[in-house]
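The next block is structure.txt, given as compact mmCIF, C-alpha atoms.
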```
# COMPACT_ATOMS: atom_id res chain seq x y z
CA MET A 1 138.11 154.38 99.98
CA GLU A 2 137.90 154.33 103.76
CA PRO A 3 139.55 151.19 105.26
CA VAL A 4 136.39 150.30 107.22
CA TRP A 5 134.29 150.19 104.04
CA LEU A 6 136.97 148.14 102.31
CA VAL A 7 136.92 145.62 105.17
CA PHE A 8 133.11 145.40 104.91
CA ILE A 9 133.25 144.89 101.13
CA TYR A 10 135.87 142.13 101.47
CA GLY A 11 133.73 140.43 104.12
CA SER A 12 130.66 140.69 101.87
CA ILE A 13 132.53 139.04 99.00
CA THR A 14 133.26 136.00 101.17
CA ALA A 15 129.58 135.81 102.18
CA LEU A 16 128.25 136.01 98.61
CA ALA A 17 130.68 133.30 97.48
CA THR A 18 128.88 130.80 99.72
CA GLY A 19 125.80 131.02 97.51
CA LEU A 20 127.77 129.59 94.57
CA GLY A 21 127.65 126.21 96.31
CA ALA A 22 124.00 125.88 95.23
CA VAL A 23 124.79 126.23 91.50
CA PRO A 24 125.40 122.48 90.76
CA PHE A 25 121.91 121.68 92.06
CA ALA A 26 120.37 123.85 89.35
CA PHE A 27 121.18 120.99 86.96
CA VAL A 28 119.80 118.20 89.17
CA ARG A 29 116.02 117.81 89.12
CA ASP A 30 114.88 114.32 90.13
CA LEU A 31 116.48 113.03 93.31
CA SER A 32 115.97 109.38 94.25
CA PRO A 33 116.41 108.24 97.88
CA ARG A 34 119.84 106.86 96.93
CA VAL A 35 120.93 110.20 95.44
CA VAL A 36 119.67 111.97 98.57
CA ALA A 37 121.73 109.59 100.70
CA LEU A 38 124.85 110.14 98.59
CA ALA A 39 124.32 113.92 98.73
CA SER A 40 124.24 113.67 102.53
CA ALA A 41 127.42 111.61 102.39
CA ALA A 42 129.08 114.30 100.26
CA ALA A 43 127.99 116.96 102.73
CA ALA A 44 129.41 114.83 105.55
CA GLY A 45 132.79 114.56 103.83
CA LEU A 46 132.91 118.29 103.12
CA MET A 47 132.04 119.12 106.73
CA LEU A 48 134.64 116.70 108.10
CA GLY A 49 137.26 118.19 105.79
CA ALA A 50 136.31 121.72 106.83
CA SER A 51 136.52 120.67 110.49
CA PHE A 52 140.04 119.34 109.96
CA GLY A 53 141.07 122.71 108.55
CA LEU A 54 139.39 124.59 111.39
CA LEU A 55 141.17 122.53 114.05
CA THR A 56 144.52 123.01 112.31
CA GLU A 57 143.98 126.75 112.03
CA GLY A 58 142.72 127.05 115.59
CA SER A 59 145.73 125.18 116.98
CA ALA A 60 147.98 127.88 115.58
CA TYR A 61 146.30 130.34 117.95
CA GLY A 62 146.04 127.95 120.91
CA SER A 63 145.60 124.16 121.10
CA LEU A 64 143.87 124.09 124.50
CA GLN A 65 141.49 126.88 123.54
CA THR A 66 140.64 125.05 120.31
CA PHE A 67 139.99 121.83 122.23
CA ILE A 68 137.71 123.66 124.68
CA GLY A 69 135.87 125.25 121.77
CA ALA A 70 135.41 121.85 120.09
CA GLY A 71 133.94 120.41 123.29
CA ALA A 72 131.54 123.35 123.50
CA GLY A 73 130.51 122.73 119.90
CA VAL A 74 129.69 119.09 120.59
CA LEU A 75 127.72 120.09 123.68
CA PHE A 76 125.83 122.74 121.70
CA ILE A 77 124.67 120.22 119.07
CA SER A 78 123.79 117.63 121.71
CA LEU A 79 121.65 120.06 123.71
CA SER A 80 120.09 121.58 120.59
CA HIS A 81 119.22 118.12 119.29
CA ARG A 82 117.43 117.30 122.55
CA MET A 83 115.61 120.62 122.70
CA LEU A 84 114.43 120.42 119.09
CA HIS A 85 113.46 116.73 119.23
CA GLY A 86 109.72 116.54 118.65
CA ALA A 87 109.44 120.32 118.24
CA ASN A 88 107.31 121.70 115.42
CA VAL A 89 110.15 123.20 113.39
CA SER A 90 109.64 124.44 109.84
CA PHE A 91 112.24 125.61 107.35
CA GLY A 92 110.36 127.17 104.46
CA ASP A 93 108.09 124.39 103.18
CA ILE A 94 110.16 121.73 104.94
CA ARG A 95 108.91 120.47 108.29
CA GLY A 96 109.68 117.85 110.92
CA ALA A 97 112.99 116.04 111.33
CA ASP A 98 114.34 117.31 108.00
CA ALA A 99 113.67 120.91 109.03
CA ARG A 100 115.42 120.37 112.38
CA LYS A 101 118.46 118.92 110.63
CA ILE A 102 118.70 121.80 108.16
CA PHE A 103 118.22 124.32 110.97
CA LEU A 104 121.14 122.87 112.93
CA ILE A 105 123.46 122.77 109.92
CA VAL A 106 122.69 126.38 108.96
CA ALA A 107 123.09 127.40 112.63
CA VAL A 108 126.51 125.72 112.87
CA MET A 109 127.70 127.25 109.60
CA THR A 110 126.48 130.66 110.78
CA VAL A 111 128.39 130.39 114.05
CA HIS A 112 131.42 129.29 112.05
CA SER A 113 131.08 132.42 109.91
CA PHE A 114 131.62 134.66 112.93
CA THR A 115 135.18 133.36 113.23
CA GLU A 116 135.81 133.74 109.49
CA GLY A 117 134.61 137.34 109.68
CA VAL A 118 137.01 137.96 112.54
CA ALA A 119 139.79 136.36 110.49
CA VAL A 120 139.16 138.81 107.62
CA GLY A 121 139.21 141.79 109.99
CA VAL A 122 142.32 140.61 111.82
CA ALA A 123 144.08 139.98 108.48
CA PHE A 124 143.69 143.68 107.59
CA GLY A 125 145.98 144.41 110.53
CA GLY A 126 148.78 142.91 108.42
CA GLY A 127 148.09 145.12 105.42
CA GLU A 128 145.71 145.18 102.47
CA LYS A 129 147.70 142.64 100.41
CA LEU A 130 147.51 140.02 103.18
CA ALA A 131 143.81 140.81 103.69
CA ALA A 132 143.14 140.30 99.97
CA LEU A 133 144.79 136.88 100.04
CA ILE A 134 142.87 135.84 103.16
CA THR A 135 139.62 137.10 101.64
CA ILE A 136 140.15 135.10 98.44
CA ALA A 137 141.04 132.01 100.47
CA ILE A 138 137.91 132.27 102.64
CA ALA A 139 135.68 133.08 99.66
CA VAL A 140 136.84 130.01 97.73
CA HIS A 141 136.63 127.93 100.92
CA ASN A 142 133.01 129.09 101.39
CA ILE A 143 131.85 127.60 98.07
CA PRO A 144 132.04 123.95 99.24
CA GLU A 145 130.46 125.04 102.53
CA GLY A 146 127.52 126.37 100.52
CA LEU A 147 127.57 123.07 98.63
CA ALA A 148 127.33 121.19 101.93
CA ILE A 149 124.28 123.22 102.99
CA SER A 150 122.64 122.80 99.57
CA ALA A 151 123.39 119.06 99.55
CA VAL A 152 121.23 118.75 102.64
CA MET A 153 118.49 121.24 101.71
CA ARG A 154 117.93 120.47 98.02
CA PRO A 155 117.08 116.76 98.43
CA LYS A 156 114.47 117.75 101.04
CA GLY A 157 112.57 119.85 98.51
CA ALA A 158 114.14 123.30 98.88
CA GLY A 159 114.52 125.33 95.68
CA VAL A 160 117.92 126.22 94.25
CA LEU A 161 117.39 129.93 95.02
CA SER A 162 116.41 129.06 98.58
CA CYS A 163 119.56 126.94 98.95
CA ALA A 164 121.70 129.80 97.65
CA LEU A 165 120.05 132.40 99.89
CA TRP A 166 120.33 130.28 103.04
CA SER A 167 123.95 129.53 102.17
CA ILE A 168 124.64 133.26 101.88
CA PHE A 169 122.67 133.89 105.08
CA SER A 170 124.96 131.49 106.94
CA SER A 171 127.90 133.74 105.98
CA VAL A 172 126.28 137.10 106.77
CA PRO A 173 128.26 137.35 110.06
CA GLN A 174 131.47 137.61 108.02
CA PRO A 175 131.09 141.25 106.89
CA ILE A 176 129.40 142.12 110.18
CA MET A 177 132.28 140.80 112.29
CA ALA A 178 135.10 141.85 109.96
CA VAL A 179 134.72 145.57 110.75
CA PRO A 180 134.91 145.43 114.58
CA ALA A 181 137.69 142.82 114.34
CA PHE A 182 139.64 145.24 112.13
CA LEU A 183 139.06 148.15 114.53
CA PHE A 184 139.91 146.12 117.66
CA VAL A 185 142.36 143.50 116.40
CA GLU A 186 143.99 142.68 119.73
CA THR A 187 140.62 142.35 121.47
CA PHE A 188 139.22 139.81 119.00
CA ARG A 189 142.33 137.73 118.31
CA PRO A 190 142.15 135.63 121.55
CA PHE A 191 138.62 134.44 120.68
CA LEU A 192 139.61 132.91 117.34
CA PRO A 193 140.72 129.45 118.59
CA TYR A 194 137.55 129.03 120.67
CA GLY A 195 135.35 129.92 117.69
CA LEU A 196 137.24 127.73 115.25
CA GLY A 197 137.18 124.79 117.64
CA PHE A 198 133.47 125.28 118.35
CA ALA A 199 132.57 125.12 114.65
CA ALA A 200 134.75 122.04 114.11
CA GLY A 201 133.35 120.11 117.07
CA ALA A 202 129.76 120.96 116.13
CA MET A 203 130.19 119.89 112.50
CA VAL A 204 131.93 116.60 113.33
CA PHE A 205 129.22 115.67 115.83
CA MET A 206 126.46 116.53 113.35
CA VAL A 207 128.05 114.31 110.72
CA PHE A 208 128.01 111.25 112.98
CA LEU A 209 124.71 112.08 114.65
CA ASP A 210 122.57 112.91 111.61
CA LEU A 211 124.15 112.78 108.16
CA LEU A 212 125.86 109.39 108.12
CA PRO A 213 123.04 107.39 109.78
CA GLU A 214 120.61 108.78 107.18
CA SER A 215 123.00 107.94 104.34
CA TYR A 216 123.43 104.35 105.52
CA GLU A 217 119.65 103.85 105.43
CA ASN A 218 119.28 104.51 101.70
CA ALA A 219 122.68 103.70 100.22
CA GLY A 220 125.17 100.89 100.70
CA ARG A 221 127.96 101.40 103.21
CA PRO A 222 130.70 100.99 100.58
CA SER A 223 129.16 103.76 98.44
CA VAL A 224 128.72 106.09 101.41
CA GLY A 225 132.24 105.36 102.64
CA LEU A 226 133.68 106.06 99.19
CA ILE A 227 131.83 109.38 98.80
CA VAL A 228 132.76 110.54 102.29
CA SER A 229 136.41 109.58 101.79
CA LEU A 230 136.65 111.32 98.40
CA THR A 231 134.97 114.56 99.50
CA LEU A 232 136.91 114.57 102.77
CA GLY A 233 140.20 114.17 100.92
CA MET A 234 139.26 116.77 98.32
CA MET A 235 138.34 119.30 101.01
CA ILE A 236 141.61 118.76 102.90
CA LEU A 237 143.70 119.05 99.72
CA PHE A 238 141.69 122.08 98.67
CA GLN A 239 142.45 123.85 101.95
CA ARG A 240 146.06 122.66 102.03
CA TYR A 241 147.03 123.99 98.61
CA LEU A 242 144.83 127.08 98.60
```
This entry written out as C-alpha cells:
Amino acid sequence: MEPVWLVFIYGSITALATGLGAVPFAFVRDLSPRVVALASAAAAGLMLGASFGLLTEGSAYGSLQTFIGAGAGVLFISLSHRMLHGANVSFGDIRGADARKIFLIVAVMTVHSFTEGVAVGVAFGGGEKLAALITIAIAVHNIPEGLAISAVMRPKGAGVLSCALWSIFSSVPQPIMAVPAFLFVETFRPFLPYGLGFAAGAMVFMVFLDLLPESYENAGRPSVGLIVSLTLGMMILFQRYL
C-alpha cells in the first residue's frame, strides 16, 4: 500500500475512535438537572486533563511557543463568546445558549484535531512502527474527548447518533492534516507547539467560563468538585501510562 494512503487510513482510525465516546449515553435515557450538571462537571475534568497533556506535549517542542498558543486560545474563546452572545445559534434542534456552548466546544476540539493530525503525519517520519504506536495512543485518547463532547450535547437533547457524529466530525481534520504533515514533515513540525497550546488554553478557559458555573447551579459544589477531580486525575493517568 502507498505510504500516503496508509497515513490517511491511520488518521481516519483516530477520527472514528472519537465517536466511541458517545456509546455510554446510549444507556442513559432520563437526565435530571443534577445529572446534567454532573455530566458537565465530568466534561470539565476530562477537558482539563486533556489540556494538561497538551501543554506537556507542546512544551517538548517549545515552551514559549506553547505559552503563546495557549494565550491565543484563551483570546479566541473570549472573542467568540462575545460575538456569539445573543446570536441566534442553532445546533440541530438545540438553540440559544446551549447551542452556543456546544458550538464552541466542538470548534475547540476541531482545532485541537488539526494538531493531532499533524502529529500522526510527523510520526510517520520515524517509521511505520512509531506511527502505529502514535496512532493507537491518539485513537484511545480521542475516546474520552468524544465523551466530553457527548457529555455536553446529550443532556441538552441531542441524540446518541448525533453526539457520535459530531464527535467524529471534530476529529475529521486528523486524516486531512496527517497526509501533508507526512509529506512535509519539517515544514509542519514548528507549528505543533502553537497548536497544542492553543487547544489547551481554549479548553481551560471554556471550563471556567461555561461548564463549571452551569454545574454549580444544579449540583452541590462538593459533588462537582469530586467529579472534576476524579475525571481530571483519570485523564492525566490515562495519558501518562498510555
* Using all atoms listed in the file, which of A:Val36, A:Val111, A:Ala17, A:Leu226 sits nearest Arg154 of chain A? ->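 For Arg154 of chain A, the nearest of the candidates is A:Val36.
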I'd like the contact shell of Leu147 of chain A - 8 Å cut-off, only C-alpha atoms, skipping same-chain residues fewer than 2 positions apart - returned as a short mmCIF file (atom, residue, chain, number, x, y, z; two decimals) with C-alpha atoms, in the coordinates of the input.
```cif
data_model
loop_
_atom_site.label_atom_id
_atom_site.label_comp_id
_atom_site.auth_asym_id
_atom_site.auth_seq_id
_atom_site.Cartn_x
_atom_site.Cartn_y
_atom_site.Cartn_z
CA THR A 18 128.88 130.80 99.72
CA LEU A 20 127.77 129.59 94.57
CA GLY A 21 127.65 126.21 96.31
CA ALA A 22 124.00 125.88 95.23
CA ALA A 43 127.99 116.96 102.73
CA ILE A 143 131.85 127.60 98.07
CA PRO A 144 132.04 123.95 99.24
CA GLU A 145 130.46 125.04 102.53
CA ILE A 149 124.28 123.22 102.99
CA SER A 150 122.64 122.80 99.57
CA ALA A 151 123.39 119.06 99.55
#
```
* **Shell of 10 Å around segment 213-220 of chain A, all atoms listed in the file, local chain residues under 6 positions omitted, as a ChimeraX atom specification** => /A:32-42,44,207
Once you have the residues from the selection above, write them out as a compact mmCIF listing (two decimals), in the coordinates of the input, restricted to C-alpha atoms.
```txt
# COMPACT_ATOMS: atom_id res chain seq x y z
CA SER A 32 115.97 109.38 94.25
CA PRO A 33 116.41 108.24 97.88
CA ARG A 34 119.84 106.86 96.93
CA VAL A 35 120.93 110.20 95.44
CA VAL A 36 119.67 111.97 98.57
CA ALA A 37 121.73 109.59 100.70
CA LEU A 38 124.85 110.14 98.59
CA ALA A 39 124.32 113.92 98.73
CA SER A 40 124.24 113.67 102.53
CA ALA A 41 127.42 111.61 102.39
CA ALA A 42 129.08 114.30 100.26
CA ALA A 44 129.41 114.83 105.55
CA VAL A 207 128.05 114.31 110.72
```
* Which residue gives the smallest distance to Asp210 of chain A among A:Val23, A:Ala97, A:Ile13, A:Ile134, with only C-alpha atoms counted? ->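 Smallest separation from Asp210 of chain A among the options: A:Ala97.
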Can you list every residue of segment 127-146 of chain A that has an atom at most 12 Å from segment 168-172 of chain A, with its nearest atom pair and the distance in Å to one decimal, using all atoms listed in the file, ordered by chain then number, as CSV?
```
residue,atom,partner,partner_atom,distance
A:Ile138,CA,A:Ser171,CA,10.7
A:Ala139,CA,A:Ser171,CA,10.0
A:His141,CA,A:Ser171,CA,11.6
A:Asn142,CA,A:Ser171,CA,8.3
A:Ile143,CA,A:Ile168,CA,9.9
A:Glu145,CA,A:Ser170,CA,9.6
A:Gly146,CA,A:Ile168,CA,7.6
```
* To do: In Å, rounded to a single decimal, give me how far atom CA of Met235 of chain A is from atom CA of Val122 of chain A.
  =>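 Separating atom CA of Val122 of chain A from atom CA of Met235 of chain A is a distance of 24.2 Å.
Reported to one decimal place, the separation of atom CA of Gly157 of chain A from atom CA of Val224 of chain A is 21.4 Å.
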* To do: Would you kindly return, as a ChimeraX atom specification, each protein, DNA or RNA residue with an atom no farther than 7 Å from any atom of Met203 of chain A, considering all atoms listed in the file and excluding same-chain residues fewer than 4 positions away?
  => /A:47,51,108,199,207
* So which residues are close to (133.3, 121.7, 120.0), meaning at most 7 Å away in the file's coordinates with only C-alpha atoms counted, and can you show them as number ranges by chain? -> A: 68-75, 197-202
Writing out the chosen residues with C-alpha atoms as a PDB file, in the coordinates of the input:
```
ATOM      1  CA  ILE A  68     137.710 123.660 124.680  1.00  0.00           C
ATOM      2  CA  GLY A  69     135.870 125.250 121.770  1.00  0.00           C
ATOM      3  CA  ALA A  70     135.410 121.850 120.090  1.00  0.00           C
ATOM      4  CA  GLY A  71     133.940 120.410 123.290  1.00  0.00           C
ATOM      5  CA  ALA A  72     131.540 123.350 123.500  1.00  0.00           C
ATOM      6  CA  GLY A  73     130.510 122.730 119.900  1.00  0.00           C
ATOM      7  CA  VAL A  74     129.690 119.090 120.590  1.00  0.00           C
ATOM      8  CA  LEU A  75     127.720 120.090 123.680  1.00  0.00           C
ATOM      9  CA  GLY A 197     137.180 124.790 117.640  1.00  0.00           C
ATOM     10  CA  PHE A 198     133.470 125.280 118.350  1.00  0.00           C
ATOM     11  CA  ALA A 199     132.570 125.120 114.650  1.00  0.00           C
ATOM     12  CA  ALA A 200     134.750 122.040 114.110  1.00  0.00           C
ATOM     13  CA  GLY A 201     133.350 120.110 117.070  1.00  0.00           C
ATOM     14  CA  ALA A 202     129.760 120.960 116.130  1.00  0.00           C
TER      15      ALA A 202
END
```
* To do: Take atom CA of Pro190 of chain A and atom CA of Gly58 of chain A and report the distance between them in Å, one decimal.
  =>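 According to the coordinates, atom CA of Pro190 of chain A and atom CA of Gly58 of chain A are separated by 10.5 Å.
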* Selection: 12 Å around segment 173-181 of chain A, all atoms listed in the file, excl. self and same-chain fewer than 5 positions, as a ChimeraX atom specification -> /A:2-18,107,109-125,131,134-135,138-139,142,167-168,186-192
Residue subset to file, keeping C-alpha atoms, as a PDB file, in the coordinates of the input:
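New file selection_7.pdb:
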```pdb
ATOM      1  CA  GLU A   2     137.900 154.330 103.760  1.00  0.00           C
ATOM      2  CA  PRO A   3     139.550 151.190 105.260  1.00  0.00           C
ATOM      3  CA  VAL A   4     136.390 150.300 107.220  1.00  0.00           C
ATOM      4  CA  TRP A   5     134.290 150.190 104.040  1.00  0.00           C
ATOM      5  CA  LEU A   6     136.970 148.140 102.310  1.00  0.00           C
ATOM      6  CA  VAL A   7     136.920 145.620 105.170  1.00  0.00           C
ATOM      7  CA  PHE A   8     133.110 145.400 104.910  1.00  0.00           C
ATOM      8  CA  ILE A   9     133.250 144.890 101.130  1.00  0.00           C
ATOM      9  CA  TYR A  10     135.870 142.130 101.470  1.00  0.00           C
ATOM     10  CA  GLY A  11     133.730 140.430 104.120  1.00  0.00           C
ATOM     11  CA  SER A  12     130.660 140.690 101.870  1.00  0.00           C
ATOM     12  CA  ILE A  13     132.530 139.040  99.000  1.00  0.00           C
ATOM     13  CA  THR A  14     133.260 136.000 101.170  1.00  0.00           C
ATOM     14  CA  ALA A  15     129.580 135.810 102.180  1.00  0.00           C
ATOM     15  CA  LEU A  16     128.250 136.010  98.610  1.00  0.00           C
ATOM     16  CA  ALA A  17     130.680 133.300  97.480  1.00  0.00           C
ATOM     17  CA  THR A  18     128.880 130.800  99.720  1.00  0.00           C
ATOM     18  CA  ALA A 107     123.090 127.400 112.630  1.00  0.00           C
ATOM     19  CA  MET A 109     127.700 127.250 109.600  1.00  0.00           C
ATOM     20  CA  THR A 110     126.480 130.660 110.780  1.00  0.00           C
ATOM     21  CA  VAL A 111     128.390 130.390 114.050  1.00  0.00           C
ATOM     22  CA  HIS A 112     131.420 129.290 112.050  1.00  0.00           C
ATOM     23  CA  SER A 113     131.080 132.420 109.910  1.00  0.00           C
ATOM     24  CA  PHE A 114     131.620 134.660 112.930  1.00  0.00           C
ATOM     25  CA  THR A 115     135.180 133.360 113.230  1.00  0.00           C
ATOM     26  CA  GLU A 116     135.810 133.740 109.490  1.00  0.00           C
ATOM     27  CA  GLY A 117     134.610 137.340 109.680  1.00  0.00           C
ATOM     28  CA  VAL A 118     137.010 137.960 112.540  1.00  0.00           C
ATOM     29  CA  ALA A 119     139.790 136.360 110.490  1.00  0.00           C
ATOM     30  CA  VAL A 120     139.160 138.810 107.620  1.00  0.00           C
ATOM     31  CA  GLY A 121     139.210 141.790 109.990  1.00  0.00           C
ATOM     32  CA  VAL A 122     142.320 140.610 111.820  1.00  0.00           C
ATOM     33  CA  ALA A 123     144.080 139.980 108.480  1.00  0.00           C
ATOM     34  CA  PHE A 124     143.690 143.680 107.590  1.00  0.00           C
ATOM     35  CA  GLY A 125     145.980 144.410 110.530  1.00  0.00           C
ATOM     36  CA  ALA A 131     143.810 140.810 103.690  1.00  0.00           C
ATOM     37  CA  ILE A 134     142.870 135.840 103.160  1.00  0.00           C
ATOM     38  CA  THR A 135     139.620 137.100 101.640  1.00  0.00           C
ATOM     39  CA  ILE A 138     137.910 132.270 102.640  1.00  0.00           C
ATOM     40  CA  ALA A 139     135.680 133.080  99.660  1.00  0.00           C
ATOM     41  CA  ASN A 142     133.010 129.090 101.390  1.00  0.00           C
ATOM     42  CA  SER A 167     123.950 129.530 102.170  1.00  0.00           C
ATOM     43  CA  ILE A 168     124.640 133.260 101.880  1.00  0.00           C
ATOM     44  CA  GLU A 186     143.990 142.680 119.730  1.00  0.00           C
ATOM     45  CA  THR A 187     140.620 142.350 121.470  1.00  0.00           C
ATOM     46  CA  PHE A 188     139.220 139.810 119.000  1.00  0.00           C
ATOM     47  CA  ARG A 189     142.330 137.730 118.310  1.00  0.00           C
ATOM     48  CA  PRO A 190     142.150 135.630 121.550  1.00  0.00           C
ATOM     49  CA  PHE A 191     138.620 134.440 120.680  1.00  0.00           C
ATOM     50  CA  LEU A 192     139.610 132.910 117.340  1.00  0.00           C
TER      51      LEU A 192
END
```
